[in-house]
Amino acid sequence: MIDFELRLAALSHLIDNRSEAVALRLSEEYRRVETVLTNSADYDELFWALKTAAVLAPRFHRAVVPLLLTFVRAIPSRILTQKGTPIAESMRRYRSASHLIREAIDVLNPVRYLYIESVVDFLLELSSSIDDAVSGKAARMLERLAKFDLDVFYGERGLGAEPQSRVVKHFSLMVDSQLKANAQPILSVLRNLLSPSMEGHSWTYSTLTISRGEIMSGAGIAEMRDATIELLKRMYSLEASVAYRKVVLNALNEATRHERPIVDSETTSMFDRDALNVLTFLRQLVPNEPLPLVQKIEHQAYWNYYHAASPAIEVAALAVRDVLLDHAEYQIYKQLIGFEGIFGNWEELRRSKSAWDYTDSTRRAAAQKYVEEINSKTCEHWRARILEFSKTRSDDLATFPVYFDFLESIGREKPVLALELVTAHAEVMSPFLVALLRGLWTSEESKRVESIIEGWLAQGVNLNVIAKSLFNVGASRLGILDSVITKSVLLDDPGAIVQVMGVAASLYVEGHLEAKAIFMHALRELAKHGDTRWATIVWFSGSFRSLVCSMSSDERSEVLTSLASLSVLNYQAEEILFAIAEQDVQSVLDYLVGRLKRAREQPKLGRKVAGGSGSSPDDLRFEAIPYDLHMLDKVFTNVPSALLEAMRSDFAEEERGMFTYRGARLITATFTKFEKPLEEILLKFVAGGNEEDIAFVLAILRAYDGSDAIFEVCKAIIKVTPEGSEQWNEVAVCIRSTGVVSGEYGMVNAFEHKRSEIALWEACDSPHVQIFARWFTKNLESMIEYEKQRADEDLALRKYKYGEGS
């Protein structure tokens, strides 16, 4: 590989050489690359051909883009090989057509400004790939193409805004169907084009310099920004969905930003012009857009007003505000939904932070008045309003707390309307059915609600909703929760059972002790399928800890057994284990030892983990012990002997070379620094002289990256083992380990530090330790010389490739 890197470096130095001999040599090299990319299926050959193409691209720029386009279209259908053999499935994670296509994208770097239109089309085609890695890299390259670069803008050839202008023009010439089909990457590019800043990057073999500057109005920027805004306004109408139009509004909002006070009058005029253009467009949208978009417009208009660089922008932003104030329906929507709405007088809000004290309690009071307004005359209007408001979607329903309470009040105080919403409009109201039901459970129509729930249970629908609706109000309806479990088992719908567990735990804490039986019933059903999702529901509340305190040892054992199929111990699972460990630390240690045993039995990497959905990366691996502990270490540090004994029992079963990376990880996660309690216990293991105990201690020491703190235990091992034994070699490995080092001579410096520390051992009163110190120092000196030579060669190669100057 180093030879090939040197070869590429040499080729790069020939690119600007115009001699006939060099031209012939480079042409031969390019023809070889062309042949490989067109015909070969050998991964390594293709990989290095692409690396070579990237070096040759400036010299053969006309041919590169067509060649790459042909290559990326053809490579997915080739059966890739390595040394004549098809690449094994297990290796395709590292060597695949996807990797080669991403390398091909990099080849475009040197020519991206020469053939902008062709490069844009190439990248747009790849940005629609079903391969996320390919589409993501293509989209990033598009963004990079559009991004202003100081070195390109002002550099030797000073392209100014020409590349960006050509990108906008190319997009503008597309028909609407093309723009719509490629909307996501195009909108991302257009947003970047309106950025108020630019950066530049330069490097040598040892430095990277990042420069930052501001956009100015000259060199075609003003015209390019104007064209970009007009294109965004055109694209706004191509798709009616709220999500799409929010993306367009975010891109337009970029045109209103500037980074700091501008002293150049032409640039000031440009930013003012663009902000006014956008604000005028926003004002025109307000009367007719869906309410979630109106809310977005208010949010953007206010912050344009707050950061206004000129009186004209203030006036334009306030004009948007005035149209919003006249939008009566939006004012109600803002009170009820309002997670991005601006509450209060804009002038006051800008002058005083205290003016922002518009709390949810104020909004809840307004919401309650709306509930009281609903009567036989207004009911139809409010029904339509609620149905419209409920079309608002968010990733997190916590952004609608006021609306949730409003609907709960509707259920409690206007049950006839609520029942109609639940039955006749369940699809629209689906995200808010829980709120309506919670109110209905405490209303005068609770019997009718039970009838509806019985129908849902019979049909096996809305099981999650049924369970969630019983938080805090389900004490007398535990039978319904049990029925949810039974139906979920029949339908193989474990998600609803997970919700039942959260409700049962909550009800138990409220004093309804019989809810514990429901919790355990649900747990047992999920355990049959290795489903551990319940942990994400109960981990954060005090409910589970209260439950654990009341559990018998057998019940706690069931909880631990149900967590056996967890592929990764995340922080939620650790919270649950912590709650159990506070009652019975040994049971948790035994559980972790069981996970270590499972790690040894785990099928080869890439097989789906039991209990996982298969859609998450965590489902494709099994990690017995986490690298870091957030809670359990607080328990384990209080029982170091129990921890070490548990790991010693596992060491007897473990492959010796793997214990450092599995069992010892629990020890290093508990004792992140090698501390006295740990040292004292390990010294006791060593003092016994048992070879297995000493091997156990050595496996732990290896996990501490050669820390000086392990030296006393190392000396103790040297004293009780024969001179030159295998244990001495293991001690040397423990001490020699460095962890992470930095700089070209990082290893050299680390070894020299160790040499100076070990030199002190020659004054030890143990002859064994003295002999070890002399032997180890001699080995270290050889390694220091080797590392120096390796670092010198690596540094020379980097200087050759990247140069020593700018």
# chains A, B, ... in the order shown; residues from 1 in each chain; ligands from 1
call {"tool": "closest_atom_pairs", "arguments": {"of": "region 210-246 of chain A", "to": "region 270-288 of chain A", "cutoff": "10 Å", "atoms": "only C-alpha atoms", "output": "tab-separated table"}}
result
residue	atom	partner	partner_atom	distance
A:Ile215	CA	A:Phe271	CA	9.9
A:Met216	CA	A:Met270	CA	8.7
A:Ser217	CA	A:Met270	CA	6.4
A:Gly218	CA	A:Met270	CA	9.8
A:Ile221	CA	A:Met270	CA	9.2
A:Ala222	CA	A:Met270	CA	6.2
A:Glu223	CA	A:Met270	CA	9.3
A:Arg225	CA	A:Asp274	CA	7.8
A:Asp226	CA	A:Asp274	CA	7.0
A:Ile229	CA	A:Val278	CA	7.7
A:Glu230	CA	A:Asn277	CA	9.3
A:Lys233	CA	A:Phe281	CA	8.0
call {"tool": "write_last_selection", "arguments": {"atoms": "all heavy atoms", "output": "tab-separated table (two decimals), in the first residue's frame"}}
result
chain	number	residue	atom	x	y	z
A	215	ILE	N	-19.79	36.93	2.98
A	215	ILE	CA	-20.25	37.12	1.61
A	215	ILE	C	-20.34	38.62	1.32
A	215	ILE	O	-20.87	39.39	2.12
A	215	ILE	CB	-21.64	36.47	1.42
A	215	ILE	CG1	-21.52	34.96	1.53
A	215	ILE	CG2	-22.26	36.88	0.09
A	215	ILE	CD1	-20.74	34.29	0.44
A	216	MET	N	-19.81	39.02	0.17
A	216	MET	CA	-19.93	40.41	-0.29
A	216	MET	C	-20.79	40.43	-1.56
A	216	MET	O	-21.09	39.40	-2.15
A	216	MET	CB	-18.55	41.01	-0.57
A	216	MET	CG	-17.57	40.91	0.61
A	216	MET	SD	-18.10	41.87	2.04
A	216	MET	CE	-17.61	43.52	1.52
A	217	SER	N	-21.18	41.60	-1.98
A	217	SER	CA	-22.15	41.68	-3.08
A	217	SER	C	-21.54	41.53	-4.46
A	217	SER	O	-22.25	41.28	-5.43
A	217	SER	CB	-22.89	43.03	-3.01
A	217	SER	OG	-21.98	44.10	-3.23
A	218	GLY	N	-20.23	41.67	-4.59
A	218	GLY	CA	-19.60	41.65	-5.91
A	218	GLY	C	-19.41	40.27	-6.48
A	218	GLY	O	-19.84	39.26	-5.92
A	221	ILE	N	-22.33	37.63	-6.90
A	221	ILE	CA	-23.07	37.06	-5.77
A	221	ILE	C	-24.49	37.61	-5.70
A	221	ILE	O	-25.46	36.87	-5.50
A	221	ILE	CB	-22.32	37.30	-4.45
A	221	ILE	CG1	-21.14	36.35	-4.35
A	221	ILE	CG2	-23.25	37.10	-3.25
A	221	ILE	CD1	-20.36	36.43	-3.07
A	222	ALA	N	-24.65	38.92	-5.86
A	222	ALA	CA	-25.98	39.53	-5.73
A	222	ALA	C	-26.95	38.93	-6.74
A	222	ALA	O	-28.09	38.59	-6.40
A	222	ALA	CB	-25.88	41.04	-5.91
A	223	GLU	N	-26.50	38.77	-7.98
A	223	GLU	CA	-27.35	38.21	-9.02
A	223	GLU	C	-27.68	36.74	-8.72
A	223	GLU	O	-28.82	36.29	-8.93
A	223	GLU	CB	-26.68	38.33	-10.39
A	223	GLU	CG	-26.46	39.76	-10.88
A	223	GLU	CD	-25.24	40.43	-10.25
A	223	GLU	OE1	-24.51	39.75	-9.48
A	223	GLU	OE2	-25.02	41.62	-10.53
A	225	ARG	N	-27.78	35.23	-5.77
A	225	ARG	CA	-28.72	35.14	-4.63
A	225	ARG	C	-30.15	35.45	-5.09
A	225	ARG	O	-31.10	34.79	-4.68
A	225	ARG	CB	-28.28	36.08	-3.51
A	225	ARG	CG	-27.07	35.59	-2.72
A	225	ARG	CD	-26.58	36.65	-1.74
A	225	ARG	NE	-27.58	36.97	-0.74
A	225	ARG	CZ	-27.73	36.35	0.44
A	225	ARG	NH1	-26.92	35.35	0.75
A	225	ARG	NH2	-28.65	36.73	1.30
A	226	ASP	N	-30.29	36.46	-5.91
A	226	ASP	CA	-31.62	36.84	-6.40
A	226	ASP	C	-32.24	35.69	-7.19
A	226	ASP	O	-33.42	35.35	-7.02
A	226	ASP	CB	-31.52	38.10	-7.25
A	226	ASP	CG	-32.89	38.64	-7.63
A	226	ASP	OD1	-33.71	38.88	-6.71
A	226	ASP	OD2	-33.15	38.81	-8.83
A	229	ILE	N	-33.34	32.88	-4.80
A	229	ILE	CA	-34.60	33.16	-4.11
A	229	ILE	C	-35.79	32.94	-5.04
A	229	ILE	O	-36.80	32.34	-4.66
A	229	ILE	CB	-34.59	34.60	-3.55
A	229	ILE	CG1	-33.55	34.73	-2.44
A	229	ILE	CG2	-35.97	35.00	-3.03
A	229	ILE	CD1	-33.27	36.15	-2.00
A	230	GLU	N	-35.66	33.39	-6.27
A	230	GLU	CA	-36.76	33.21	-7.22
A	230	GLU	C	-37.01	31.73	-7.51
A	230	GLU	O	-38.15	31.30	-7.65
A	230	GLU	CB	-36.47	33.97	-8.52
A	230	GLU	CG	-36.46	35.48	-8.37
A	230	GLU	CD	-37.72	36.01	-7.71
A	230	GLU	OE1	-38.84	35.62	-8.17
A	230	GLU	OE2	-37.62	36.77	-6.74
A	233	LYS	N	-38.88	30.27	-4.57
A	233	LYS	CA	-40.29	30.66	-4.60
A	233	LYS	C	-41.06	29.80	-5.64
A	233	LYS	O	-42.20	29.41	-5.41
A	233	LYS	CB	-40.41	32.15	-4.92
A	233	LYS	CG	-40.00	33.03	-3.74
A	233	LYS	CD	-39.58	34.42	-4.14
A	233	LYS	CE	-40.72	35.26	-4.67
A	233	LYS	NZ	-40.29	36.67	-4.91
call {"tool": "residues_around", "arguments": {"residues": "Leu387 (chain A)", "least_positions_apart": "6", "cutoff": "9 Å", "atoms": "only C-alpha atoms", "output": "list in words"}}
result
Leu421, His425, Val428 and Met429 of chain A
call {"tool": "atom_distance", "arguments": {"atom1": "CA of Glu266 (chain A)", "atom2": "CA of Ile297 (chain A)"}}
result
27.7 Å
call {"tool": "residues_around", "arguments": {"residues": "Phe47 (chain A)", "least_positions_apart": "5", "cutoff": "10 Å", "atoms": "only C-alpha atoms", "output": "short mmCIF file (atom, residue, chain, number, x, y, z; two decimals) with N, CA and C atoms, in the first residue's frame"}}
result
data_model
loop_
_atom_site.label_atom_id
_atom_site.label_comp_id
_atom_site.auth_asym_id
_atom_site.auth_seq_id
_atom_site.Cartn_x
_atom_site.Cartn_y
_atom_site.Cartn_z
N VAL A 36 -9.45 -0.92 -16.65
CA VAL A 36 -9.81 -1.56 -15.37
C VAL A 36 -11.24 -1.19 -14.97
N LEU A 37 -11.56 0.10 -15.00
CA LEU A 37 -12.89 0.53 -14.58
C LEU A 37 -13.99 0.01 -15.50
N ASP A 42 -12.13 -7.10 -10.00
CA ASP A 42 -11.28 -7.25 -8.82
C ASP A 42 -11.35 -5.98 -7.97
N THR A 52 -6.05 6.33 -8.71
CA THR A 52 -5.20 6.84 -9.79
C THR A 52 -5.98 7.83 -10.66
N ALA A 53 -7.26 7.51 -10.92
CA ALA A 53 -8.09 8.40 -11.72
C ALA A 53 -8.22 9.77 -11.06
N ARG A 95 -15.97 -4.19 1.59
CA ARG A 95 -15.55 -4.19 0.18
C ARG A 95 -16.78 -4.48 -0.68
N HIS A 99 -18.86 0.94 -1.73
CA HIS A 99 -17.59 1.58 -1.39
C HIS A 99 -16.91 2.15 -2.64
N LEU A 100 -16.96 1.41 -3.71
CA LEU A 100 -16.31 1.86 -4.95
C LEU A 100 -17.03 3.07 -5.55
N ILE A 101 -18.35 3.07 -5.49
CA ILE A 101 -19.10 4.23 -6.01
C ILE A 101 -18.75 5.47 -5.20
N GLU A 103 -15.94 6.03 -3.71
CA GLU A 103 -14.61 6.44 -4.17
C GLU A 103 -14.70 7.18 -5.49
N ALA A 104 -15.60 6.73 -6.36
CA ALA A 104 -15.78 7.38 -7.66
C ALA A 104 -16.25 8.83 -7.49
#
call {"tool": "select_by_dssp", "arguments": {"residues": "region 170-265 of chain A", "states": "helix (DSSP H, G or I)", "output": "PyMOL selection string"}}
result
chain A and resi 170-172+176-181+183-193+221-236+242-256+265
call {"tool": "atom_distance", "arguments": {"atom1": "CA of Pro292 (chain A)", "atom2": "CA of Leu187 (chain A)"}}
result
20.0 Å
call {"tool": "residues_around", "arguments": {"residues": "Leu231 (chain A)", "least_positions_apart": "4", "cutoff": "7 Å", "atoms": "only C-alpha atoms", "output": "list of chain:residue names"}}
result
A:Ser172, A:Ala227, A:Met235
call {"tool": "write_last_selection", "arguments": {"atoms": "C-alpha atoms", "output": "short mmCIF file (atom, residue, chain, number, x, y, z; two decimals), in the first residue's frame"}}
result
data_model
loop_
_atom_site.label_atom_id
_atom_site.label_comp_id
_atom_site.auth_asym_id
_atom_site.auth_seq_id
_atom_site.Cartn_x
_atom_site.Cartn_y
_atom_site.Cartn_z
CA SER A 172 -33.62 26.87 -13.14
CA ALA A 227 -31.92 33.95 -8.85
CA MET A 235 -40.22 25.35 -5.95
#
call {"tool": "residues_around", "arguments": {"residues": "Val465 (chain A)", "least_positions_apart": "2", "cutoff": "9 Å", "atoms": "only C-alpha atoms", "output": "JSON, numbers by chain"}}
result
{"A": [430, 433, 434, 437, 461, 462, 463, 467, 468, 469, 470, 496, 499]}
call {"tool": "residues_around", "arguments": {"residues": "Glu373 (chain A)", "least_positions_apart": "6", "cutoff": "12 Å", "atoms": "only C-alpha atoms", "output": "JSON, numbers by chain"}}
result
{"A": [366, 367, 379, 380, 381, 382, 410, 413, 414]}
call {"tool": "write_last_selection", "arguments": {"atoms": "all heavy atoms", "output": "mmCIF file, in the first residue's frame"}}
result
data_model
loop_
_atom_site.group_PDB
_atom_site.id
_atom_site.type_symbol
_atom_site.label_atom_id
_atom_site.label_comp_id
_atom_site.auth_asym_id
_atom_site.auth_seq_id
_atom_site.Cartn_x
_atom_site.Cartn_y
_atom_site.Cartn_z
ATOM 1 N N ALA A 366 -56.604 30.008 28.484
ATOM 2 C CA ALA A 366 -57.291 30.342 27.223
ATOM 3 C C ALA A 366 -57.959 29.100 26.645
ATOM 4 O O ALA A 366 -59.094 29.160 26.141
ATOM 5 C CB ALA A 366 -56.296 30.930 26.234
ATOM 6 N N ALA A 367 -57.272 27.960 26.718
ATOM 7 C CA ALA A 367 -57.831 26.719 26.193
ATOM 8 C C ALA A 367 -59.106 26.333 26.934
ATOM 9 O O ALA A 367 -60.079 25.860 26.328
ATOM 10 C CB ALA A 367 -56.796 25.593 26.285
ATOM 11 N N CYS A 379 -70.816 23.913 18.266
ATOM 12 C CA CYS A 379 -70.208 22.577 18.261
ATOM 13 C C CYS A 379 -69.698 22.184 16.873
ATOM 14 O O CYS A 379 -68.580 21.678 16.733
ATOM 15 C CB CYS A 379 -71.219 21.554 18.759
ATOM 16 S SG CYS A 379 -70.521 19.894 18.918
ATOM 17 N N GLU A 380 -70.515 22.431 15.859
ATOM 18 C CA GLU A 380 -70.112 22.030 14.513
ATOM 19 C C GLU A 380 -68.837 22.750 14.076
ATOM 20 O O GLU A 380 -67.935 22.138 13.476
ATOM 21 C CB GLU A 380 -71.255 22.320 13.532
ATOM 22 C CG GLU A 380 -70.975 21.795 12.130
ATOM 23 C CD GLU A 380 -72.154 21.963 11.198
ATOM 24 O OE1 GLU A 380 -73.290 22.176 11.695
ATOM 25 O OE2 GLU A 380 -71.949 21.875 9.977
ATOM 26 N N HIS A 381 -68.770 24.052 14.395
ATOM 27 C CA HIS A 381 -67.585 24.833 14.031
ATOM 28 C C HIS A 381 -66.354 24.326 14.781
ATOM 29 O O HIS A 381 -65.263 24.195 14.199
ATOM 30 C CB HIS A 381 -67.843 26.305 14.348
ATOM 31 C CG HIS A 381 -66.749 27.219 13.877
ATOM 32 N ND1 HIS A 381 -66.402 27.361 12.547
ATOM 33 C CD2 HIS A 381 -65.896 28.022 14.561
ATOM 34 C CE1 HIS A 381 -65.402 28.208 12.430
ATOM 35 N NE2 HIS A 381 -65.078 28.621 13.643
ATOM 36 N N TRP A 382 -66.514 24.020 16.064
ATOM 37 C CA TRP A 382 -65.375 23.541 16.850
ATOM 38 C C TRP A 382 -64.955 22.137 16.410
ATOM 39 O O TRP A 382 -63.772 21.798 16.431
ATOM 40 C CB TRP A 382 -65.704 23.562 18.346
ATOM 41 C CG TRP A 382 -65.264 24.855 18.977
ATOM 42 C CD1 TRP A 382 -66.039 25.911 19.333
ATOM 43 C CD2 TRP A 382 -63.928 25.210 19.290
ATOM 44 N NE1 TRP A 382 -65.271 26.916 19.853
ATOM 45 C CE2 TRP A 382 -63.964 26.518 19.848
ATOM 46 C CE3 TRP A 382 -62.688 24.585 19.161
ATOM 47 C CZ2 TRP A 382 -62.812 27.190 20.262
ATOM 48 C CZ3 TRP A 382 -61.538 25.253 19.587
ATOM 49 C CH2 TRP A 382 -61.611 26.533 20.126
ATOM 50 N N ILE A 410 -62.092 18.361 26.719
ATOM 51 C CA ILE A 410 -63.213 18.085 25.828
ATOM 52 C C ILE A 410 -63.837 16.736 26.196
ATOM 53 O O ILE A 410 -65.062 16.587 26.288
ATOM 54 C CB ILE A 410 -62.761 18.074 24.353
ATOM 55 C CG1 ILE A 410 -62.309 19.467 23.905
ATOM 56 C CG2 ILE A 410 -63.862 17.542 23.443
ATOM 57 C CD1 ILE A 410 -63.398 20.456 23.707
ATOM 58 N N GLU A 413 -65.607 17.230 29.713
ATOM 59 C CA GLU A 413 -66.695 18.201 29.851
ATOM 60 C C GLU A 413 -67.639 18.217 28.651
ATOM 61 O O GLU A 413 -68.789 18.663 28.774
ATOM 62 C CB GLU A 413 -66.104 19.601 30.057
ATOM 63 C CG GLU A 413 -65.243 19.701 31.308
ATOM 64 C CD GLU A 413 -64.574 21.059 31.449
ATOM 65 O OE1 GLU A 413 -65.215 22.068 31.068
ATOM 66 O OE2 GLU A 413 -63.423 21.111 31.919
ATOM 67 N N LYS A 414 -67.190 17.777 27.495
ATOM 68 C CA LYS A 414 -68.040 17.733 26.297
ATOM 69 C C LYS A 414 -67.980 16.322 25.716
ATOM 70 O O LYS A 414 -67.546 16.090 24.577
ATOM 71 C CB LYS A 414 -67.559 18.744 25.251
ATOM 72 C CG LYS A 414 -67.327 20.152 25.789
ATOM 73 C CD LYS A 414 -68.639 20.817 26.227
ATOM 74 C CE LYS A 414 -68.349 22.208 26.821
ATOM 75 N NZ LYS A 414 -69.597 22.864 27.278
#
call {"tool": "residues_around", "arguments": {"residues": "region 686-698 of chain A", "least_positions_apart": "2", "cutoff": "10 Å", "atoms": "only C-alpha atoms", "output": "PyMOL selection string"}}
result
chain A and resi 644+647-652+656+659-660+664+679+681-684+700-703+713-714+716-721+727+730-731+733-734
